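See below for the structure under consideration.
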Amino acid sequence: MAPAPKYSVDEQEELILNAAANCIAETSVLDFTMSSVSKAAGLSMGSIYKHVQCKEDIIFALASRVFKHHCNLFKQVFELPLTTPEKIIALTLFDPDKIQVYPFDKDLEDFAANEVVISRASSKWTERMINAHEMCESVFNKVMHQAAYNGELKLNGNTEQMIEEINLGCWALIVGHEYVERVIQTRHISEGTDTLREAVKTDALIVRSLARLLSSYEWQTPLTTEDIEKTSQILIENGLR
């Protein structure tokens, strides 16, 4: 009779992904190897390939973890005693070091959107990553619908169309700002200066821009400077800033 396996399927997957994260932290998203993951996990290459077929699968698997973490952060913030505009502003006020899963979170997100990486990853991990990303969008979309249907957000015309417009505008600003910040960080790192990984100030350009966008819509309780300061303090109290 064959001996019982040392680890369950789920435990093996956890070992592999944790080992991969450590290997990437020691090298980079580009330079880690499948053999180094096998060694770090204490599993044979055959066991590794039962779960992930290539480096791209590992990138998608770890990116899925990051997106799931973001989804949980959104849920946490959206349950705080804040108005909907304050909750959206809160997403720009996070301290990056306090919400990251890995120091290379942003690298994973970039590679997960890369056409070559997508073409090489297996359908299993591509689908998991897409589902995890869509969960983030779903949570954000849900809070906007709640605001519209409970009267907090007054919309004239097509509700779905207006919510989609607000969602797109908010995400374009937030994601665009992150991209600009990463370009600045790259320049500073190349010059040997700080990485600039710190929470934005409550009067930062991105906060003012997002507040201006939100204020162009009719909210039951308009967003004020005092509201932004209050939101910042609540994030601090919850360990997110």
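Identifiers in this document derive from the order of the structure tokens: chains are assigned A, B, ..., residues are numbered from 1 separately in each chain, and ligands are numbered from 1 in order of occurrence.
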
Need to verify the contact set: Thr225 (chain A), 12 Å, only C-alpha atoms, exclusion of same-chain residues closer than 4 positions in sequence. Can you return it as a PDB file with C-alpha atoms, in the first residue's frame?
```pdb
ATOM      1  CA  PRO A  85     -16.970  59.780  -1.947  1.00  0.00           C
ATOM      2  CA  GLU A  86     -14.840  59.412   1.195  1.00  0.00           C
ATOM      3  CA  ILE A  89     -10.822  58.995  -1.800  1.00  0.00           C
ATOM      4  CA  THR A 202      -4.229  64.655   1.847  1.00  0.00           C
ATOM      5  CA  ASP A 203      -3.718  67.717  -0.363  1.00  0.00           C
ATOM      6  CA  ALA A 204      -1.758  65.855  -3.074  1.00  0.00           C
ATOM      7  CA  VAL A 207      -6.467  63.605  -4.117  1.00  0.00           C
ATOM      8  CA  ARG A 208      -7.511  67.052  -5.331  1.00  0.00           C
ATOM      9  CA  ALA A 211     -12.173  65.087  -5.278  1.00  0.00           C
ATOM     10  CA  ARG A 212     -12.886  67.492  -8.144  1.00  0.00           C
ATOM     11  CA  SER A 215     -17.706  66.774  -6.808  1.00  0.00           C
ATOM     12  CA  GLU A 229      -8.709  64.684   6.626  1.00  0.00           C
ATOM     13  CA  LYS A 230     -11.250  62.594   8.551  1.00  0.00           C
ATOM     14  CA  THR A 231     -10.874  59.770   6.041  1.00  0.00           C
ATOM     15  CA  SER A 232      -7.096  59.879   6.436  1.00  0.00           C
TER      16      SER A 232
END
```

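Backbone DSSP assigns strand (DSSP E) in region 21-226 of chain A to Leu153, Lys154, Glu218 and Trp219 of chain A.
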
Task: Neighbour list for Leu155 (chain A) as a list of chain:residue names, cut-off 12 Å, only C-alpha atoms, skip fewer than 2 positions in-chain - done: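 In the requested form, the answer reads A:Met144, A:His145, A:Ala147, A:Ala148, A:Tyr149, A:Asn150, A:Gly151, A:Glu152, A:Leu153, A:Gly157, A:Asn158, A:Thr159, A:Glu160, A:Gln161, A:Met162, A:Ile163, A:Glu164, A:Glu165, A:Ile166, A:Ser216, A:Tyr217, A:Glu218, A:Trp219, A:Gln220.
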
TODO: Just the residues within 9 Å of Glu56 (chain A), please, counting only C-alpha atoms, with nothing from its chain fewer than 6 positions along; format it as a PyMOL selection string.
DONE: chain A and resi 111-112+117-118+120-122+125

Open item on the list: Please list as a ChimeraX atom specification every residue within 12 Å of Leu168 (chain A), counting only C-alpha atoms and excluding residues in the same chain fewer than 5 positions away.
Closed with: /A:137,140-141,144,161-163,173-176,210,213-214

Task: Point-to-point distance from CA of Met34 (chain A) to CA of Lys6 (chain A), Å rounded to tenths - done: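 Distance reported for this atom pair: 21.0 Å.
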
Open item on the list: Let me make sure I understand: among A:Ala41, A:Ile88, A:Ala61, A:Leu240, which one has the smallest atom-to-atom distance to Val143 (chain A) if we use only C-alpha atoms?
Closed with: A:Ile88

Task: Which of region 94-240 of chain A fall in helix (DSSP H, G or I), as an NGL selection string - done: :A and (96-99 or 105-112 or 115-120 or 123-149 or 159-190 or 205-215 or 225-237)

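Take the candidates A:Leu17, A:Ala90, A:Val139, A:Leu62 and check each one against Lys75 (chain A) using only C-alpha atoms; the shortest distance goes to A:Val139.
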
Open item on the list: For Asn22 (chain A), find every residue with an atom within 10 Å (counting only C-alpha atoms), except residues of its own chain fewer than 2 positions away, and show them as a PyMOL selection string.
Closed with: chain A and resi 16-20+24-28+32+36-37+40-41+102

Task: Top pick for closest residue to Glu178 (chain A), considering A:Val66, A:Cys54, A:Met135, A:Leu93 and counting only C-alpha atoms - done: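 Using only C-alpha atoms, the shortest distance to Glu178 (chain A) belongs to A:Leu93.
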
- [ ] Skip Gln100 (chain A) itself and residues of its chain fewer than 4 positions away, then list as a list in words all residues within 10 Å of it, counting only C-alpha atoms.
- [x]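 Here the answer would be Val66, His69, His70, Phe94, Asp95, Pro96, Phe104, Asp105 and Lys106 of chain A.
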
Task: d(CA of Ile59 (chain A), CA of Val29 (chain A)) in Å - done: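 Atom-to-atom, CA of Ile59 (chain A) and CA of Val29 (chain A) are spaced 7.6 Å apart.
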
TODO: Work out how far apart CA of Trp171 (chain A) and CA of Gly239 (chain A) are and give it in Å to one decimal.
DONE: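 Going from CA of Trp171 (chain A) over to CA of Gly239 (chain A), I get 23.3 Å.
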
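Each of A:Glu226, A:Asp57, A:Glu14, A:Asp110 was checked against Arg128 (chain A) using only C-alpha atoms; the smallest atom-to-atom distance is that of A:Asp57.
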